[in-house]
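Novice: Before I ask anything, let me first share the structure, which is written out below as C-alpha cells.
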Amino acid sequence: MTVRTRIAPSPTGDPHVGTAFVALINYCYAKQHGGQFLLRIEDTDRVRSSPAAERAILDALHWLGLHWDEGPDVGGPHGPYRQGERLAFYTRYANELLAGGHAFRCFCTPERLDAVRLEQRQMGKPPGYDGHCLNLGEKEIAANDAAGIPSVVRMKVPREGSVTIDDLLRGPIVFEWRTVDMQVLVKSDGWPTYHLANVVDDHLMQITHVMRGEEWISSAPKHALLYDYLGWKMPQLAHLPLLRNADKSKLSKRKNPTGIRFYQRMGYLPEALVNFLGLLAVPPLEGEEIMDLPTMIGRFNLEHVSVGGPVFDVAKLDWLNGRYLREKLDAHGFEERVRAWTLNEDYLGRIAPLAQSRIERLSDLGPLTSFFFAGRLDVTAAQLREGKLDELALRQAFVMAAALLDALDEWDVPHIEEVIRAIADVLEKKLRDVVRPFYVAITGSAQSVPLFDSMAILGRDLVRERLRVALERLGGVTAAEQEAWKKMIERGRPAGETQA
RNA sequence: GGCGCCAUAGUCUAUCGGUUAGGACGCGGCCCUUUCAAGGCCGAGAGACGGGUUCGAUUCCCGUUGGCGCUACCA
C-alpha cells in the first residue's frame with residue numbers, strides 16, 4: 001500500500017507559515033516512502049472561503065517548492081480536490097449515517113445550545129450537546145420540516161466507555177466518550193462541517209497518514225467514531241506541534257507576521273524559509289544547518305519530530321537567509337534574485353507613474369520611493385503623532401484599519417480607500433487628518449506618493465506589519481481596547497451614507 | 001470551568017539509564033580588516049519542582065507547577 005499524505009488548507013485569509021510547516025512534513029514523509037502528496041481545498045465554510053485565497057495558497061506553496069501529485073490545479077484520479085465540488089459525497093454519507101442510526105436531526109436553536117453549555121460549565125461538567133433532539137419521532141421531524149424550522153445533522157456519541165487514539169508521535173491518547181461532543185456533521189445550509197468532510201475525503205482519496213496540527217487532537221475521537229460508523233479504516237494519525245509566538249502562544253498575526261507572502265515580500269528566499277521550517281522537524285547533523293529539500297526528505301524521520309511547540313525564531317531565519325544569499329548564490333544568481341524580488345518591470349512599472357509628477361530630477365526617485373523596497377520602517381512615535389489626531393483617535397484609527405483591512409476580500413485601491421474613509425467617518429475626523437499618520441506608518445513620511453496606491457502595491461502582508469509596528473511604537477493596545485474599537489466600526493455608519 | 005497535549009540555556013535542538021549534557025541562532029570578547037558586514041577563534045548560558053523505581057536518573061512512573069490547544073452550524 002503506497003503512502004498517501006495530504007495538506008488540506010482552508011482558503012480563508014492569507015497563506016500561513018503554519019500551513020507550509022505541515023505541508024513540508026507531509027511532503028517529506030510521502031516522498032521518502034515513494035508515495036504521493038496531495039492538496040485538497042477545504043472550503044466548506046461558504047461565507048469565509050474565497051477563490052482569491054485559494055489561489056494565494058497554491059501560489060505560496062509552489063513558491064516554496066512544495067508541489068503535489070494531485071490537487072485542484074493539477075487534477076488526479078480522486079478528484080475533485082475542492083470540497084465545494086464534492087457536496088454529493090457528503091450528502092450521501094450523511095444520509096447513510098442517518099439511516100444507520102449513527103446520526104440524528106437536530107432542531108435546537110443557537111440560543112438554547114448556548115444556555116445549555118453555560119449551565120454545564122457552571123456545574124463543572126464537560127460542555128456539549130445534551131441530547132435534546134436525540135429521540136425525535138418521525139412525525140415530529142416531518143412537522144418541524146414542514147414548519148420550515150432550520151436543522152442540522154449531529155453524530156451520535158456513546159455516553160459511556162472510552163476510546164484510545166494512537167498517535168504516531170505521542171503514543172496512545174485516551175478519551176472518555178462522555179467528554180466528546182455530539183458534533184454537528186451537516187450545517188443548516190446543507191454543507192458538511194470539517195469533521196464529516198475530512199473523514200469522507202481522506203477515505204475516498206485513500207489517504208494513509210494524516211499529519212495535522214495538534215489543535216485537532218481533541219477532535220480525533222469523533223473522527224475515529226465516524227470511520228467506525230462508516231465501516232472504514234482510519235488513516236494513521238500524527239498531530240504536529242503548533243508554531244508559536246515569542247511568548248509561546250500559538251503563532252498569530254496580531255503578534256507576528258504569519259503570512260508566507262510576508263516573508264516573500266521581505267526578501268527571504270524560499271529555500272531559506274523551507275530550510276528554516278525543516279529545522280523544526282528534522283534535527284540537523286551537528287554543525288551544519290543548511291539543508292535542501294532532497295536532504296530533508298532523506299533525513300526525515302517522523303519519530304524524531306519533537307512535539308514541543310517551537311517558537312518561530314525570526315533571528316535564526318535571518319541568519320539562514322543571509323547564508324543562502326551569500327553562500328548559495330553566485331554574483332549573477334544574486335542579481336537575478338534581486339530582480340525577481342522587486343527590481344522588475346512589473347513592480348517598477350506600478351511605482352514609476354506615482355512618482356513622475358512629483359519629482360524634478362530622476363535622482364529624486366530614490367528617496368521618494370525607497371519605502372517600496374524596504375521591510376519595516378523606522379518611524380518614531382513623535383512622527384506618528386505630528387498630525388491633528390489626538391492620541392486616542394490615532395490609536396483607534398490604526399486598530400480599526402488593521403481589522404478592516406484584514407477582512408477585505410479584494411486588495412485594491414477602491415477597497416482600501418473605502419476602509420480609510422469609513423474610519424474617518426466613524427471617528428468623525430477629516431480624511432486629511434486621518435490619512436496623515438497612515439502616510440507616516442506606511443511610507444515613512446507625511447509627504448509621499450499616493451497612499452492608497454502605495455498600500456495596494458505593497459500588499460496586505462507588508463501593510464499589516466507596518467501598521468503593527470506603528471501601533472507598537474505608540475505603546476500598543478490592550479485586548480479590551482481592541483475589542484471595544486472593533487465594535488465601534490461594526491456600529492459605525494458604512495462609508496456610503498456619510499451625512500447625518 | 002471541563003477535556004487533552006507538552007516541559008534540556010533567551011530561542012531551535014542532540015541525548016533513546018552511566019556523557020566534563022553535544023551542536024546551532026542570539027549575546028559578550030579577541031583576531032582579520034580603510035568602515036561596516038562576512039569569516040576565524042574564545043567565552044557566558046540548560047535538564048521547572050517534589051516524590052518514587054534503580055547500584056545509578058535529563059532519560060522510566062506518579063504528583064505539583066507552568067505553557068499551550070480544544071471546548072462553534074470555523075477550519
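Ordering of the C-alpha cells sets the chain letters (A, B, ...); residue numbers start at 1 within each chain; ligands are numbered from 1 in the order shown.
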Can you list, as an NGL selection string, every protein, DNA or RNA residue that comes within 9 Å of Arg178 of chain A when you count only C-alpha atoms (C1' of nucleotides), leaving out same-chain residues fewer than 3 positions away?
Specialist: :A and (126 or 157-162 or 175 or 181)
Novice: Selection from above, N, CA, C and O atoms, as a compact mmCIF listing (two decimals), in the first residue's frame, can you write it?
Specialist:
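Below is the file again34.txt, written as the result:
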# COMPACT_ATOMS: atom_id res chain seq x y z
N PRO A 126 -18.37 18.52 31.46
CA PRO A 126 -17.86 18.73 30.11
C PRO A 126 -18.96 19.34 29.24
O PRO A 126 -20.09 18.84 29.26
N VAL A 157 -22.88 9.99 19.86
CA VAL A 157 -21.64 9.62 20.54
C VAL A 157 -22.03 8.88 21.80
O VAL A 157 -22.91 9.33 22.53
N PRO A 158 -21.39 7.74 22.07
CA PRO A 158 -21.71 6.99 23.28
C PRO A 158 -21.50 7.86 24.52
O PRO A 158 -20.69 8.76 24.51
N ARG A 159 -22.26 7.60 25.58
CA ARG A 159 -22.07 8.37 26.81
C ARG A 159 -21.22 7.62 27.81
O ARG A 159 -20.92 8.12 28.90
N GLU A 160 -20.87 6.40 27.49
CA GLU A 160 -20.06 5.59 28.42
C GLU A 160 -18.86 5.00 27.73
O GLU A 160 -18.83 4.90 26.51
N GLY A 161 -17.89 4.60 28.53
CA GLY A 161 -16.71 3.95 27.99
C GLY A 161 -15.70 4.96 27.48
O GLY A 161 -15.84 6.17 27.70
N SER A 162 -14.67 4.47 26.83
CA SER A 162 -13.62 5.36 26.37
C SER A 162 -13.06 4.87 25.04
O SER A 162 -13.38 3.77 24.58
N PHE A 175 -9.54 9.00 25.66
CA PHE A 175 -10.64 9.96 25.89
C PHE A 175 -11.86 9.22 26.42
O PHE A 175 -12.20 8.14 25.93
N ASP A 181 -18.16 15.67 22.33
CA ASP A 181 -19.43 16.30 21.97
C ASP A 181 -20.10 15.61 20.78
O ASP A 181 -19.43 15.00 19.96
Novice: For C62 of chain B, please output as a PyMOL selection string all residues within 12 Å (counting only C-alpha atoms (C1' of nucleotides); exclusion window: fewer than 5 positions along the same chain).
Specialist: chain B and resi 50-53
Novice: For all heavy atoms, I'd like the residues from the last selection saved as a JSON list (two decimals), in the first residue's frame.
Specialist:
[["chain", "number", "residue", "atom", "x", "y", "z"],
["B", 50, "G", "P", 13.33, 19.96, 44.18],
["B", 50, "G", "OP1", 14.11, 20.37, 45.37],
["B", 50, "G", "OP2", 14.00, 19.30, 43.04],
["B", 50, "G", "O5'", 12.12, 19.04, 44.64],
["B", 50, "G", "C5'", 11.27, 19.49, 45.67],
["B", 50, "G", "C4'", 10.19, 18.47, 45.91],
["B", 50, "G", "O4'", 9.26, 18.47, 44.81],
["B", 50, "G", "C3'", 10.66, 17.03, 45.99],
["B", 50, "G", "O3'", 11.23, 16.71, 47.24],
["B", 50, "G", "C2'", 9.36, 16.27, 45.72],
["B", 50, "G", "O2'", 8.54, 16.23, 46.86],
["B", 50, "G", "C1'", 8.72, 17.16, 44.66],
["B", 50, "G", "N9", 9.01, 16.67, 43.31],
["B", 50, "G", "C8", 9.99, 17.09, 42.43],
["B", 50, "G", "N7", 9.98, 16.43, 41.30],
["B", 50, "G", "C5", 8.94, 15.52, 41.44],
["B", 50, "G", "C6", 8.45, 14.53, 40.54],
["B", 50, "G", "O6", 8.87, 14.26, 39.41],
["B", 50, "G", "N1", 7.39, 13.82, 41.09],
["B", 50, "G", "C2", 6.86, 14.04, 42.34],
["B", 50, "G", "N2", 5.84, 13.25, 42.69],
["B", 50, "G", "N3", 7.30, 14.96, 43.18],
["B", 50, "G", "C4", 8.33, 15.65, 42.67],
["B", 51, "G", "P", 11.98, 15.29, 47.44],
["B", 51, "G", "OP1", 12.79, 15.37, 48.65],
["B", 51, "G", "OP2", 12.62, 14.90, 46.15],
["B", 51, "G", "O5'", 10.75, 14.32, 47.68],
["B", 51, "G", "C5'", 10.91, 12.93, 47.52],
["B", 51, "G", "C4'", 9.58, 12.28, 47.24],
["B", 51, "G", "O4'", 8.93, 12.99, 46.15],
["B", 51, "G", "C3'", 9.71, 10.86, 46.73],
["B", 51, "G", "O3'", 9.84, 9.95, 47.81],
["B", 51, "G", "C2'", 8.43, 10.69, 45.94],
["B", 51, "G", "O2'", 7.32, 10.45, 46.76],
["B", 51, "G", "C1'", 8.33, 12.06, 45.27],
["B", 51, "G", "N9", 9.05, 12.11, 44.00],
["B", 51, "G", "C8", 10.11, 12.93, 43.67],
["B", 51, "G", "N7", 10.56, 12.73, 42.46],
["B", 51, "G", "C5", 9.74, 11.73, 41.95],
["B", 51, "G", "C6", 9.75, 11.09, 40.69],
["B", 51, "G", "O6", 10.50, 11.30, 39.73],
["B", 51, "G", "N1", 8.76, 10.11, 40.59],
["B", 51, "G", "C2", 7.88, 9.80, 41.60],
["B", 51, "G", "N2", 7.00, 8.82, 41.32],
["B", 51, "G", "N3", 7.86, 10.38, 42.78],
["B", 51, "G", "C4", 8.81, 11.33, 42.89],
["B", 52, "G", "P", 11.26, 9.23, 48.01],
["B", 52, "G", "OP1", 11.12, 8.14, 49.01],
["B", 52, "G", "OP2", 12.28, 10.28, 48.22],
["B", 52, "G", "O5'", 11.50, 8.57, 46.59],
["B", 52, "G", "C5'", 11.52, 7.17, 46.46],
["B", 52, "G", "C4'", 10.22, 6.67, 45.86],
["B", 52, "G", "O4'", 9.62, 7.71, 45.05],
["B", 52, "G", "C3'", 10.45, 5.49, 44.95],
["B", 52, "G", "O3'", 10.29, 4.28, 45.68],
["B", 52, "G", "C2'", 9.39, 5.68, 43.86],
["B", 52, "G", "O2'", 8.14, 5.16, 44.23],
["B", 52, "G", "C1'", 9.32, 7.21, 43.76],
["B", 52, "G", "N9", 10.29, 7.80, 42.82],
["B", 52, "G", "C8", 11.17, 8.81, 43.13],
["B", 52, "G", "N7", 11.94, 9.16, 42.13],
["B", 52, "G", "C5", 11.54, 8.31, 41.10],
["B", 52, "G", "C6", 12.01, 8.23, 39.77],
["B", 52, "G", "O6", 12.90, 8.90, 39.23],
["B", 52, "G", "N1", 11.35, 7.23, 39.06],
["B", 52, "G", "C2", 10.36, 6.45, 39.55],
["B", 52, "G", "N2", 9.83, 5.55, 38.72],
["B", 52, "G", "N3", 9.89, 6.51, 40.80],
["B", 52, "G", "C4", 10.53, 7.48, 41.51],
["B", 53, "U", "P", 11.61, 3.39, 45.88],
["B", 53, "U", "OP1", 11.26, 2.33, 46.87],
["B", 53, "U", "OP2", 12.76, 4.28, 46.11],
["B", 53, "U", "O5'", 11.76, 2.68, 44.45],
["B", 53, "U", "C5'", 10.65, 2.00, 43.86],
["B", 53, "U", "C4'", 10.97, 1.64, 42.43],
["B", 53, "U", "O4'", 10.84, 2.81, 41.59],
["B", 53, "U", "C3'", 12.41, 1.19, 42.22],
["B", 53, "U", "O3'", 12.59, -0.19, 42.56],
["B", 53, "U", "C2'", 12.60, 1.47, 40.73],
["B", 53, "U", "O2'", 12.00, 0.47, 39.93],
["B", 53, "U", "C1'", 11.82, 2.78, 40.57],
["B", 53, "U", "N1", 12.68, 3.96, 40.72],
["B", 53, "U", "C2", 13.46, 4.35, 39.63],
["B", 53, "U", "O2", 13.45, 3.74, 38.58],
["B", 53, "U", "N3", 14.24, 5.45, 39.84],
["B", 53, "U", "C4", 14.33, 6.21, 40.99],
["B", 53, "U", "O4", 15.08, 7.18, 41.01],
["B", 53, "U", "C5", 13.50, 5.75, 42.07],
["B", 53, "U", "C6", 12.73, 4.67, 41.90]]
Novice: I'd like the interatomic distance between atom CA of Val186 of chain A and atom CA of Arg117 of chain A, to a tenth of an Å.
Specialist: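 Result for atom CA of Val186 of chain A versus atom CA of Arg117 of chain A: 20.2 Å, one decimal.
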Novice: Atom C1' of G56 of chain B and atom CA of His304 of chain A, how far apart in Å?
Specialist: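 These atoms are spaced 26.9 Å apart.
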Novice: Could you tell me which of A:Glu271, A:Asp114, A:Glu417, A:Glu428 comes closest to chain B if we count only C-alpha atoms (C1' of nucleotides)?
Specialist: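 So, comparing all the options, the nearest one is A:Asp114.
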Novice: Show me, as a list in words, the residues that have an atom within 12 Å of A14 of chain B when counting only C-alpha atoms (C1' of nucleotides), minus same-chain residues fewer than 3 positions from it.
Specialist: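 The neighbour list is Val282, Pro283, Pro284, Leu285, Glu286, Gly287, His304 and Ser306 of chain A; U8, U19, A21, G22, G23 and A24 of chain B.
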Novice: Show me, as a list of chain:residue names, the residues of chain B whose atoms get within 6 Å of chain A, using only C-alpha atoms (C1' of nucleotides) for the distance check.
Specialist: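 Result, ordered by chain then number: B:G1, B:G2, B:C6, B:G23, B:C25, B:G69, B:C70, B:C73.
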Novice: Write to file, as a CSV table (one decimal), in the first residue's frame, the residues of the selection just made, with N, CA and C atoms (P, O5', C5', C4', C3', O3' and C1' of nucleotides).
Specialist:
chain,number,residue,atom,x,y,z
B,1,G,P,-10.1,27.2,36.5
B,1,G,O5',-11.6,26.6,36.2
B,1,G,C5',-12.4,26.1,37.2
B,1,G,C4',-13.6,25.4,36.6
B,1,G,C3',-13.3,24.2,35.7
B,1,G,O3',-13.3,23.0,36.6
B,1,G,C1',-14.7,25.6,34.5
B,2,G,P,-12.3,21.8,36.3
B,2,G,O5',-12.9,21.2,35.0
B,2,G,C5',-14.1,20.4,35.1
B,2,G,C4',-14.4,19.8,33.7
B,2,G,C3',-13.3,19.0,33.0
B,2,G,O3',-13.3,17.7,33.5
B,2,G,C1',-14.2,20.6,31.5
B,6,C,P,2.3,14.5,25.1
B,6,C,O5',3.0,15.8,25.3
B,6,C,C5',3.7,16.4,24.2
B,6,C,C4',4.3,17.8,24.6
B,6,C,C3',5.3,17.8,25.8
B,6,C,O3',6.6,17.5,25.2
B,6,C,C1',3.7,19.5,26.2
B,23,G,P,29.7,21.8,21.5
B,23,G,O5',28.7,21.9,20.3
B,23,G,C5',29.1,21.3,19.0
B,23,G,C4',27.9,21.5,18.0
B,23,G,C3',27.4,22.9,17.8
B,23,G,O3',28.3,23.6,16.8
B,23,G,C1',25.6,21.5,18.1
B,25,C,P,25.7,29.8,14.7
B,25,C,O5',24.3,30.4,15.0
B,25,C,C5',23.3,30.6,13.9
B,25,C,C4',22.1,31.2,14.5
B,25,C,C3',22.3,32.6,15.2
B,25,C,O3',22.4,33.7,14.4
B,25,C,C1',20.8,31.1,16.5
B,69,G,P,-3.0,28.6,22.7
B,69,G,O5',-3.7,27.3,22.2
B,69,G,C5',-3.3,26.6,21.0
B,69,G,C4',-3.9,25.3,20.9
B,69,G,C3',-5.4,25.3,20.9
B,69,G,O3',-5.9,25.5,19.7
B,69,G,C1',-4.6,23.6,22.4
B,70,C,P,-7.4,26.3,19.5
B,70,C,O5',-8.4,25.1,20.0
B,70,C,C5',-8.5,24.0,19.1
B,70,C,C4',-9.4,23.0,19.8
B,70,C,C3',-10.8,23.5,20.3
B,70,C,O3',-11.7,23.5,19.3
B,70,C,C1',-9.8,22.3,22.1
B,73,C,P,-22.2,24.3,17.0
B,73,C,O5',-22.3,24.5,15.4
B,73,C,C5',-22.0,23.4,14.6
B,73,C,C4',-22.1,24.0,13.2
B,73,C,C3',-21.7,25.5,13.2
B,73,C,O3',-20.5,25.7,12.5
B,73,C,C1',-24.0,25.2,12.3
Novice: If you run DSSP on this backbone, which residues of segment 6-134 of chain A come out as alpha helix (DSSP H), and could you give them as a VMD selection string?
Specialist: chain A and resid 17 to 32 51 to 63 87 to 99 110 to 122
Novice: Please produce a file of those selected residues containing C-alpha atoms, as a short mmCIF file (atom, residue, chain, number, x, y, z; two decimals), in the first residue's frame.
Specialist:
data_model
loop_
_atom_site.label_atom_id
_atom_site.label_comp_id
_atom_site.auth_asym_id
_atom_site.auth_seq_id
_atom_site.Cartn_x
_atom_site.Cartn_y
_atom_site.Cartn_z
CA VAL A 17 3.56 29.66 7.56
CA GLY A 18 1.95 27.00 9.75
CA THR A 19 0.33 25.57 6.64
CA ALA A 20 3.74 25.49 4.99
CA PHE A 21 5.20 23.69 8.00
CA VAL A 22 2.53 20.99 7.98
CA ALA A 23 2.74 20.71 4.20
CA LEU A 24 6.51 20.28 4.35
CA ILE A 25 6.24 17.40 6.79
CA ASN A 26 3.53 15.66 4.80
CA TYR A 27 5.54 16.21 1.64
CA CYS A 28 8.77 14.80 3.10
CA TYR A 29 7.00 11.77 4.52
CA ALA A 30 5.26 10.90 1.28
CA LYS A 31 8.34 11.43 -0.88
CA GLN A 32 10.54 9.46 1.47
CA PRO A 51 -11.13 31.83 -4.75
CA ALA A 52 -8.52 34.53 -4.25
CA ALA A 53 -7.39 32.92 -1.00
CA GLU A 54 -7.22 29.53 -2.69
CA ARG A 55 -5.06 30.92 -5.48
CA ALA A 56 -2.80 32.56 -2.91
CA ILE A 57 -2.29 29.29 -1.04
CA LEU A 58 -1.41 27.34 -4.15
CA ASP A 59 0.99 30.06 -5.29
CA ALA A 60 2.66 30.35 -1.90
CA LEU A 61 3.21 26.62 -1.54
CA HIS A 62 4.51 26.31 -5.08
CA TRP A 63 6.83 29.25 -4.43
CA LEU A 87 -21.28 18.04 -1.87
CA ALA A 88 -22.91 14.91 -3.29
CA PHE A 89 -20.44 12.68 -1.43
CA TYR A 90 -21.08 14.32 1.92
CA THR A 91 -24.84 14.23 1.49
CA ARG A 92 -24.70 10.58 0.58
CA TYR A 93 -22.69 9.57 3.63
CA ALA A 94 -24.64 11.84 5.95
CA ASN A 95 -27.78 10.06 4.82
CA GLU A 96 -26.08 6.73 5.35
CA LEU A 97 -25.23 7.70 8.91
CA LEU A 98 -28.76 8.91 9.49
CA ALA A 99 -30.23 5.68 8.09
CA PRO A 110 -28.27 28.53 18.97
CA GLU A 111 -29.72 30.32 21.99
CA ARG A 112 -30.77 27.08 23.62
CA LEU A 113 -27.40 25.49 22.92
CA ASP A 114 -25.58 28.46 24.44
CA ALA A 115 -27.74 28.25 27.55
CA VAL A 116 -27.07 24.53 27.89
CA ARG A 117 -23.32 24.99 27.60
CA LEU A 118 -23.31 27.82 30.09
CA GLU A 119 -25.10 25.68 32.64
CA GLN A 120 -22.79 22.72 32.06
CA ARG A 121 -19.80 24.93 32.52
CA GLN A 122 -21.14 26.32 35.77
#
Novice: Run DSSP on the backbone of this structure and report the residues of segment 234-300 of chain A it assigns to strand (DSSP E or B), as a PyMOL selection string.
Specialist: chain A and resi 236-240+244+250+259+285+288
Novice: How far is it from atom CA of Pro367 of chain A to atom CA of Val434 of chain A, in Å with one decimal?
Specialist: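 Rounded to one decimal, the two atoms are 23.8 Å apart.
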Novice: Which residue, A:Pro172, A:Gly278, A:Pro294, A:Gly231, has the smallest gap to C5 of chain B when you use only C-alpha atoms (C1' of nucleotides)?
Specialist: A:Pro172
Novice: Within 8 Å of segment 43-46 of chain B, counting only C-alpha atoms (C1' of nucleotides), which residues show up once you throw out same-chain ones fewer than 2 positions away? Write them as number ranges by chain, please.
Specialist: B: 8-9, 28-29
Novice: Write the residues of the selection above to a file with C-alpha atoms (C1' of nucleotides), as a PDB file, in the first residue's frame.
Specialist:
ATOM      1  C1'   U B   8      17.067  20.290  28.242  1.00  0.00           C
ATOM      2  C1'   A B   9      20.246  27.527  28.113  1.00  0.00           C
ATOM      3  C1'   G B  28      29.959  39.069  25.047  1.00  0.00           C
ATOM      4  C1'   G B  29      35.318  39.181  23.935  1.00  0.00           C
TER       5        G B  29
END
Novice: Do a neighbour search on A7 of chain B at 9 Å with only C-alpha atoms (C1' of nucleotides), toss out local chain neighbours closer than 6 positions, and write the hits as a list in words.
Specialist: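 Residues meeting the cut-off are Gly308 of chain A; A48, G66 and G67 of chain B.
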